[in-house]
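Listing of my_file10.txt, compact mmCIF, C-alpha atoms
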```
# COMPACT_ATOMS: atom_id res chain seq x y z
CA MET X 160 144.30 84.10 181.23
CA LEU X 161 147.04 84.31 178.65
CA LYS X 162 149.58 87.06 179.26
CA ILE X 163 150.16 88.95 176.00
CA GLY X 164 152.91 91.53 175.53
CA MET X 165 152.77 94.28 172.93
CA LEU X 166 156.07 93.97 171.08
CA GLY X 167 156.37 97.57 169.91
CA THR X 168 153.66 100.20 169.56
CA TRP X 169 154.59 101.88 166.25
CA HIS X 170 151.86 100.38 164.09
CA VAL X 171 148.50 102.14 163.69
CA HIS X 172 146.73 98.88 164.60
CA THR X 173 148.48 98.51 167.98
CA GLU X 174 145.52 99.56 170.12
CA GLY X 175 143.10 97.64 167.92
CA TYR X 176 145.04 94.42 168.40
CA ALA X 177 145.27 95.01 172.16
CA ARG X 178 141.48 95.42 172.31
CA GLU X 179 140.93 92.32 170.23
CA PHE X 180 143.15 90.20 172.45
CA LYS X 181 141.32 91.44 175.55
CA ASN X 182 137.91 90.98 173.92
CA THR X 183 138.55 87.26 173.48
CA GLY X 184 138.02 86.99 177.23
CA LYS X 185 141.04 84.72 177.36
CA CYS X 186 143.89 87.24 177.42
CA GLU X 187 145.24 90.20 179.29
CA ILE X 188 147.78 92.72 178.04
CA SER X 189 150.43 92.41 180.72
CA ALA X 190 153.37 94.34 179.27
CA VAL X 191 154.56 96.70 176.55
CA TRP X 192 158.04 97.01 175.07
CA ASP X 193 159.19 99.74 172.74
CA HIS X 194 162.59 101.16 171.82
CA ASP X 195 160.86 104.55 171.87
CA ALA X 196 160.35 104.94 175.61
CA VAL X 197 158.01 107.94 175.37
CA ARG X 198 155.71 106.25 172.89
CA GLY X 199 155.84 102.90 174.66
CA LYS X 200 155.22 104.31 178.14
CA GLU X 201 152.24 106.26 176.85
CA LYS X 202 150.69 103.11 175.36
CA ALA X 203 151.46 101.06 178.50
CA ASP X 204 149.76 103.65 180.68
CA LYS X 205 146.75 103.64 178.39
CA LEU X 206 146.58 99.83 178.50
CA GLY X 207 147.18 99.72 182.25
CA CYS X 208 150.22 97.47 182.14
CA ALA X 209 153.96 97.43 182.74
CA PHE X 210 156.41 99.09 180.36
CA TYR X 211 159.85 97.72 179.46
CA ASP X 212 162.59 99.46 177.54
CA ASP X 213 164.77 96.32 177.79
CA LEU X 214 163.67 93.75 175.21
CA ASP X 215 165.30 90.78 176.96
CA ALA X 216 163.63 91.65 180.27
CA PHE X 217 160.28 92.05 178.48
CA LEU X 218 160.59 88.61 176.85
CA ALA X 219 161.57 87.06 180.20
CA SER X 220 158.58 88.54 182.06
CA GLY X 221 156.39 85.42 181.87
CA LEU X 222 154.58 86.15 178.62
CA ASP X 223 152.47 83.53 176.85
CA GLY X 224 152.69 85.44 173.60
CA VAL X 225 153.62 88.71 171.93
CA CYS X 226 151.80 90.87 169.42
CA CYS X 227 154.43 92.41 167.15
CA CYS X 228 153.59 96.00 166.17
CA THR X 229 157.11 97.37 165.72
CA GLU X 230 158.38 99.16 162.65
CA THR X 231 158.72 96.72 159.77
CA ASN X 232 162.49 97.09 159.60
CA LEU X 233 162.77 95.84 163.22
CA HIS X 234 160.80 92.63 162.64
CA PRO X 235 163.82 90.38 161.95
CA GLU X 236 165.58 91.37 165.18
CA VAL X 237 162.63 91.33 167.58
CA LEU X 238 160.93 88.24 166.15
CA THR X 239 164.17 86.27 166.25
CA LYS X 240 164.65 87.25 169.89
CA ALA X 241 161.08 86.29 170.74
CA ALA X 242 161.45 82.89 169.10
CA ARG X 243 164.74 82.20 170.88
CA ALA X 244 163.10 83.19 174.18
CA GLY X 245 160.37 80.61 173.55
CA VAL X 246 157.57 83.18 173.37
CA ASN X 247 154.66 82.56 170.99
CA ILE X 248 154.38 85.11 168.18
CA PHE X 249 151.53 87.01 166.55
CA THR X 250 152.75 89.59 164.06
CA GLU X 251 151.57 92.28 161.73
CA LYS X 252 152.44 91.75 158.08
CA VAL X 253 154.93 91.66 156.47
CA LEU X 254 157.17 89.18 158.27
CA ALA X 255 160.25 90.94 156.87
CA ALA X 256 161.11 93.07 153.86
CA THR X 257 163.76 90.76 152.38
CA VAL X 258 163.60 87.07 151.57
CA GLY X 259 166.80 86.34 153.46
CA ASP X 260 165.50 87.98 156.64
CA ALA X 261 162.12 86.25 156.34
CA GLU X 262 163.72 82.84 155.91
CA ARG X 263 166.04 83.40 158.87
CA VAL X 264 163.11 84.41 161.09
CA ALA X 265 161.12 81.40 159.88
CA ASP X 266 164.02 79.05 160.66
CA GLU X 267 164.22 80.41 164.22
CA ILE X 268 160.46 80.01 164.68
CA LYS X 269 160.49 76.43 163.43
CA LYS X 270 163.56 75.57 165.48
CA SER X 271 162.05 76.98 168.68
CA GLY X 272 158.65 75.33 168.21
CA VAL X 273 156.74 78.45 169.28
CA LYS X 274 153.23 79.07 168.02
CA PHE X 275 153.05 81.58 165.20
CA CYS X 276 150.37 83.54 163.36
CA ILE X 277 150.63 86.42 160.90
CA SER X 278 147.73 88.83 160.50
CA PHE X 279 145.97 87.89 157.25
CA PRO X 280 142.44 89.07 158.18
CA TRP X 281 140.99 89.09 154.68
CA ARG X 282 141.48 85.33 154.50
CA SER X 283 139.03 84.98 157.41
CA ARG X 284 136.18 86.65 155.52
CA GLY X 285 133.28 84.34 154.77
CA ASP X 286 132.84 85.54 151.18
CA PHE X 287 136.52 85.10 150.36
CA ARG X 288 136.58 81.64 151.95
CA TRP X 289 133.57 80.68 149.81
CA ILE X 290 135.44 81.85 146.72
CA LYS X 291 138.57 79.90 147.69
CA GLU X 292 136.52 76.73 148.23
CA LYS X 293 134.73 77.04 144.88
CA VAL X 294 137.95 77.83 143.00
CA ASP X 295 139.56 74.73 144.50
CA GLU X 296 136.50 72.65 143.55
CA GLY X 297 136.79 73.87 139.94
CA LEU X 298 133.42 75.66 139.83
CA PHE X 299 134.87 78.41 137.64
CA GLY X 300 137.12 76.13 135.61
CA ASP X 301 140.81 76.87 135.21
CA ILE X 302 141.49 80.34 136.60
CA SER X 303 143.08 82.67 134.07
CA TYR X 304 142.83 86.04 135.83
CA MET X 305 142.48 87.50 139.33
CA ARG X 306 142.46 91.15 140.30
CA MET X 307 142.47 92.56 143.84
CA HIS X 308 142.05 96.31 144.36
CA ASN X 309 142.43 97.72 147.88
CA SER X 310 143.05 101.41 148.54
CA HIS X 311 142.44 104.35 150.84
CA ASP X 312 143.04 108.10 150.95
CA GLY X 313 145.53 108.22 153.81
CA VAL X 314 147.90 110.51 151.92
CA SER X 315 145.43 112.54 149.85
CA SER X 316 143.26 113.27 152.91
CA GLY X 317 146.22 113.62 155.27
CA TRP X 318 145.30 111.14 158.01
CA LEU X 319 148.03 108.51 157.56
CA PRO X 320 150.69 108.88 160.30
CA ALA X 321 153.98 110.38 159.15
CA GLY X 322 155.85 107.24 160.19
CA PHE X 323 154.09 105.29 157.44
CA LEU X 324 155.63 107.64 154.87
CA ASP X 325 159.22 107.13 156.08
CA PRO X 326 160.91 104.50 153.89
CA VAL X 327 163.32 103.38 156.64
CA PRO X 328 160.88 101.97 159.23
CA THR X 329 158.26 100.94 156.66
CA CYS X 330 160.63 99.36 154.10
CA GLY X 331 158.20 100.59 151.45
CA GLY X 332 154.99 102.49 150.85
CA ALA X 333 151.47 101.62 149.77
CA MET X 334 152.28 98.20 148.35
CA MET X 335 154.30 97.07 151.37
CA ASP X 336 151.54 98.13 153.75
CA LEU X 337 148.04 98.12 152.30
CA GLY X 338 148.99 96.12 149.22
CA ALA X 339 150.06 93.19 151.36
CA HIS X 340 146.40 92.16 151.64
CA GLY X 341 146.10 91.78 147.88
CA MET X 342 149.40 89.94 147.68
CA TYR X 343 148.55 87.31 150.29
CA MET X 344 145.10 86.88 148.76
CA LEU X 345 146.65 86.25 145.33
CA ASN X 346 149.05 83.73 146.83
CA TRP X 347 146.18 81.96 148.62
CA ILE X 348 143.93 81.70 145.57
CA MET X 349 146.45 81.47 142.72
CA GLY X 350 149.56 79.94 144.27
CA GLU X 351 153.16 81.00 143.87
CA PRO X 352 153.78 83.40 140.97
CA ALA X 353 156.47 82.75 138.39
CA GLY X 354 157.13 86.45 137.77
CA VAL X 355 156.18 89.93 138.94
CA ASN X 356 156.21 93.31 137.21
CA SER X 357 155.26 96.56 138.94
CA SER X 358 154.48 100.19 138.33
CA PHE X 359 154.91 102.34 141.45
CA THR X 360 154.49 106.13 141.35
CA ASN X 361 154.75 109.08 143.72
CA PHE X 362 151.44 110.74 142.93
CA MET X 363 151.38 112.98 146.03
CA CYS X 364 153.99 111.56 148.39
CA LYS X 365 157.68 112.06 147.56
CA THR X 366 159.14 109.66 150.15
CA VAL X 367 157.38 106.37 149.41
CA GLU X 368 155.21 105.08 146.57
CA ASP X 369 151.54 105.97 147.02
CA ASN X 370 149.98 104.65 143.78
CA CYS X 371 150.81 101.07 142.77
CA VAL X 372 150.05 98.13 140.53
CA SER X 373 151.85 94.78 140.47
CA VAL X 374 151.13 92.20 137.77
CA LEU X 375 151.89 88.59 138.66
CA THR X 376 152.25 85.85 136.07
CA TYR X 377 151.99 82.11 136.61
CA LYS X 378 153.50 79.08 134.89
CA ASN X 379 150.15 78.11 133.33
CA GLY X 380 149.71 81.56 131.74
CA ALA X 381 147.33 82.96 134.35
CA ILE X 382 147.64 86.59 135.45
CA GLY X 383 147.11 88.17 138.86
CA VAL X 384 146.87 91.90 139.56
CA SER X 385 147.39 93.63 142.89
CA GLU X 386 146.34 97.30 142.94
CA THR X 387 146.70 99.63 145.90
CA SER X 388 146.86 103.32 146.70
CA PHE X 389 147.15 105.87 149.50
CA VAL X 390 145.50 108.57 147.33
CA ALA X 391 142.19 107.03 146.22
CA HIS X 392 139.13 108.68 147.76
CA ARG X 393 135.88 106.74 148.20
CA ASP X 394 137.20 103.85 146.15
CA PRO X 395 135.83 100.52 147.48
CA PHE X 396 137.73 97.26 147.28
CA LYS X 397 137.22 95.09 144.22
CA LEU X 398 137.92 91.42 143.66
CA GLU X 399 137.36 89.68 140.35
CA ILE X 400 138.29 86.20 139.23
CA SER X 401 137.83 84.77 135.74
CA GLY X 402 138.01 81.14 134.71
CA THR X 403 137.22 78.91 131.75
CA LYS X 404 133.74 78.08 133.15
CA GLY X 405 132.70 81.31 134.85
CA SER X 406 133.63 84.32 136.91
CA VAL X 407 133.10 85.77 140.37
CA LEU X 408 132.96 89.39 141.54
CA CYS X 409 133.08 90.87 145.03
CA GLY X 410 133.10 94.44 146.30
CA TRP X 411 132.34 97.58 144.32
CA ASP X 412 129.63 99.89 145.71
CA ASP X 413 127.53 97.38 147.64
CA GLY X 414 130.30 95.00 148.74
CA ARG X 415 128.33 91.91 147.74
CA MET X 416 129.63 88.81 145.98
CA CYS X 417 128.13 87.31 142.85
CA TYR X 418 129.12 84.75 140.23
CA ASN X 419 128.12 83.80 136.70
CA LEU X 420 128.45 80.36 135.12
CA GLY X 421 126.55 81.33 131.98
CA ASP X 422 122.98 81.63 133.28
CA GLY X 423 123.15 85.11 134.79
CA TRP X 424 124.49 86.55 138.01
CA VAL X 425 123.86 84.61 141.20
CA TYR X 426 124.19 86.00 144.74
CA PRO X 427 124.99 83.01 146.95
CA ASN X 428 124.49 82.78 150.69
CA VAL X 429 127.77 83.87 152.25
CA PRO X 430 129.05 81.79 155.17
CA LYS X 431 129.98 83.40 158.45
CA ASN X 432 133.48 84.72 158.86
CA ALA X 433 136.06 82.32 160.20
CA PRO X 434 137.82 83.20 163.47
CA SER X 435 140.08 86.22 163.08
CA PRO X 436 143.87 85.79 163.07
CA VAL X 437 143.98 86.92 166.73
CA GLU X 438 141.32 84.37 167.68
CA MET X 439 143.15 81.63 165.77
CA PHE X 440 146.40 82.48 167.53
CA VAL X 441 144.82 82.46 170.99
CA ASP X 442 143.13 79.11 170.30
CA ASP X 443 146.43 77.66 169.06
CA VAL X 444 148.34 78.83 172.15
CA LEU X 445 145.63 77.33 174.37
CA GLY X 446 146.06 73.94 172.70
CA GLY X 447 143.33 74.18 170.08
CA GLU X 448 143.57 74.10 166.31
CA LYS X 449 146.74 75.36 164.68
CA SER X 450 146.49 78.83 163.14
CA GLU X 451 145.88 78.76 159.40
CA TYR X 452 148.18 81.71 158.79
CA GLY X 453 151.56 80.13 159.37
CA VAL X 454 155.16 81.02 158.86
CA ASP X 455 155.43 79.48 155.38
CA ASP X 456 152.57 81.74 154.22
CA ALA X 457 154.42 84.65 155.82
CA VAL X 458 157.62 83.85 153.92
CA MET X 459 155.66 83.54 150.67
CA LEU X 460 154.24 87.03 151.17
CA THR X 461 157.75 88.42 151.62
CA LYS X 462 158.95 86.60 148.50
CA THR X 463 156.12 88.07 146.44
CA MET X 464 156.57 91.54 147.88
CA ALA X 465 160.34 91.49 147.37
CA ALA X 466 159.82 90.50 143.73
CA ALA X 467 157.32 93.35 143.28
CA TYR X 468 159.79 95.90 144.67
CA ALA X 469 162.70 94.51 142.69
CA VAL X 470 161.08 95.78 139.50
CA GLY X 471 158.82 98.49 140.94
```
As a first step, turn the structure in this file into structure tokens.
Amino acid sequence: MLKIGMLGTWHVHTEGYAREFKNTGKCEISAVWDHDAVRGKEKADKLGCAFYDDLDAFLASGLDGVCCCTETNLHPEVLTKAARAGVNIFTEKVLAATVGDAERVADEIKKSGVKFCISFPWRSRGDFRWIKEKVDEGLFGDISYMRMHNSHDGVSSGWLPAGFLDPVPTCGGAMMDLGAHGMYMLNWIMGEPAGVNSSFTNFMCKTVEDNCVSVLTYKNGAIGVSETSFVAHRDPFKLEISGTKGSVLCGWDDGRMCYNLGDGWVYPNVPKNAPSPVEMFVDDVLGGEKSEYGVDDAVMLTKTMAAAYAVG
């Protein structure tokens, strides 16, 4: 059994990740660390494991890996310490808010040789992997446009925790959090952008942006659009990709994927989902295949996000 430590408990997905690690049947949650002792002790009691308020002692407690769920602004410090301690790292996105911090964390991870995986769950979806494969094969020709829309009503319906609306721990609002999925999907399908322009507004929230669009441009003239919101009610995700030979759509009201090469809309058989990021990380630590969602992808997400905020 791998011993996994929860490196912080701030993130809303903390308990979900802990369950997923345990549900692999190959891991146990053996320890929790948090700088907020009340919050951390509560989570440790709920998970039935030890609590540490000393980060060095936590990292020296015989862990096989950590799941980083701290505030985003603490990522550089805690991930660097984990890498230097030789502890394998699974982390929530983003790796860090600034390019300099992301590159420094990446250097420490590469230097230490620890296993690393960042949580890019949408890349494990069978329909998205089918799209990626067909784009790479040229089925849709040269891609000229991609749009990813991903939103929820966390602010407008009042269920998003207050900590996610504090610009200090979050390092941003809707785009930094929910919009990260669209950004890493654009990077995966389209490659590195040459430029980014953004429009971020405070529709209901005054502390962080809650209504956002970033437009990415590429050297070949292609355009990518990442849309996200904390104030959109009953608004399903949407993915559309256009190329010189056809187009593909996914999402909307029924969530299905279809494509058109000129002879009408086709609904292909969607492959099964790939292993989740957690499953990939566990397999990697146990000596299996290397996780697909590596530190270079993590740095690229930070680069794209930093460019979006620089003009947002």
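Taking atom CA of Asp286 of chain X and atom CA of Lys431 of chain X as the two end points, the separation is 8.1 Å.
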Item to complete: Tell me, as a PyMOL selection string, which residues lie within 9 Å of segment 232-237 of chain X, counting only C-alpha atoms; anything in the same chain fewer than 3 positions away does not count.
Response: chain X and resi 166+214+227-229+240-242+250+253-256+260-261+263-264+327-330
Contacts of Thr366 of chain X within 8 Å, all atoms listed in the file, excl. fewer than 2 positions in-chain, as a PDB file with C-alpha atoms, in the frame of the given file:
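Saved as out-v5.pdb:
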```pdb
ATOM      1  CA  LEU X 324     155.630 107.640 154.870  1.00  0.00           C
ATOM      2  CA  ASP X 325     159.220 107.130 156.080  1.00  0.00           C
ATOM      3  CA  PRO X 326     160.910 104.500 153.890  1.00  0.00           C
ATOM      4  CA  ASN X 361     154.750 109.080 143.720  1.00  0.00           C
ATOM      5  CA  CYS X 364     153.990 111.560 148.390  1.00  0.00           C
ATOM      6  CA  GLU X 368     155.210 105.080 146.570  1.00  0.00           C
TER       7      GLU X 368
END
```
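Proximity to Asn428 of chain X was assessed for X:Phe359, X:Phe210, X:Trp289, X:Trp281 counting only C-alpha atoms; the smallest distance is recorded for X:Trp289.
Shortest separation to Ser401 of chain X among X:Thr183, X:Ser373, X:Asn346, X:Ser303 occurs at residue X:Ser303, atoms counted being all atoms listed in the file.
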Discussion item. As a ChimeraX atom specification, please: the residues near Ser357 of chain X (cut-off 12 Å, only C-alpha atoms, same-chain neighbours under 6 positions excluded).
Written reply: /X:334,368,370-376,383-387,463-471
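Across the structure, atom CA of Val258 of chain X and atom CA of Arg198 of chain X are spaced 29.7 Å apart.
Among the candidates X:Gly224, X:Gly317, X:Gly167, X:Gly338, the one nearest to Phe180 of chain X when counting only C-alpha atoms is X:Gly224.
Using only C-alpha atoms, the shortest contact distance between Lys205 of chain X and any of X:Ala457, X:Ala190, X:Met439, X:Val246 is found at X:Ala190.
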Worksheet entry | For atom CA of Asp369 of chain X and atom CA of His170 of chain X, the interatomic separation in Å (one decimal) | 18.0 Å
Item to complete: Can you work out which one of X:Ala219, X:Gly199, X:Val225, X:Glu267 has the shortest atom-to-atom distance to Ala244 of chain X, counting only C-alpha atoms?
Response: X:Ala219
Worksheet item: Between X:Asp413, X:Asp295, X:Glu230, X:Asp223, which one has atoms that come closest to Lys162 of chain X, using all atoms listed in the file?
Response: X:Asp223
Discussion item. So that I can check the surroundings of Ile382 of chain X, please list as an MDAnalysis selection string every protein, DNA and RNA residue that reaches within 12 Å of it, counting only C-alpha atoms and ignoring chain neighbours fewer than 2 positions away.
Written reply: chainID X and resid 301:307 345:346 348:356 373:380 384:385 399:402
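Neighbourhood of point (146.7, 102.0, 176.9): residues with an atom at most 10 Å away, counting all atoms listed in the file, are Thr173, Glu174, Ala177, Arg178, Ile188, Val191, Gly199, Lys200, Glu201, Lys202, Ala203, Asp204, Lys205, Leu206, Gly207 and Cys208 of chain X.
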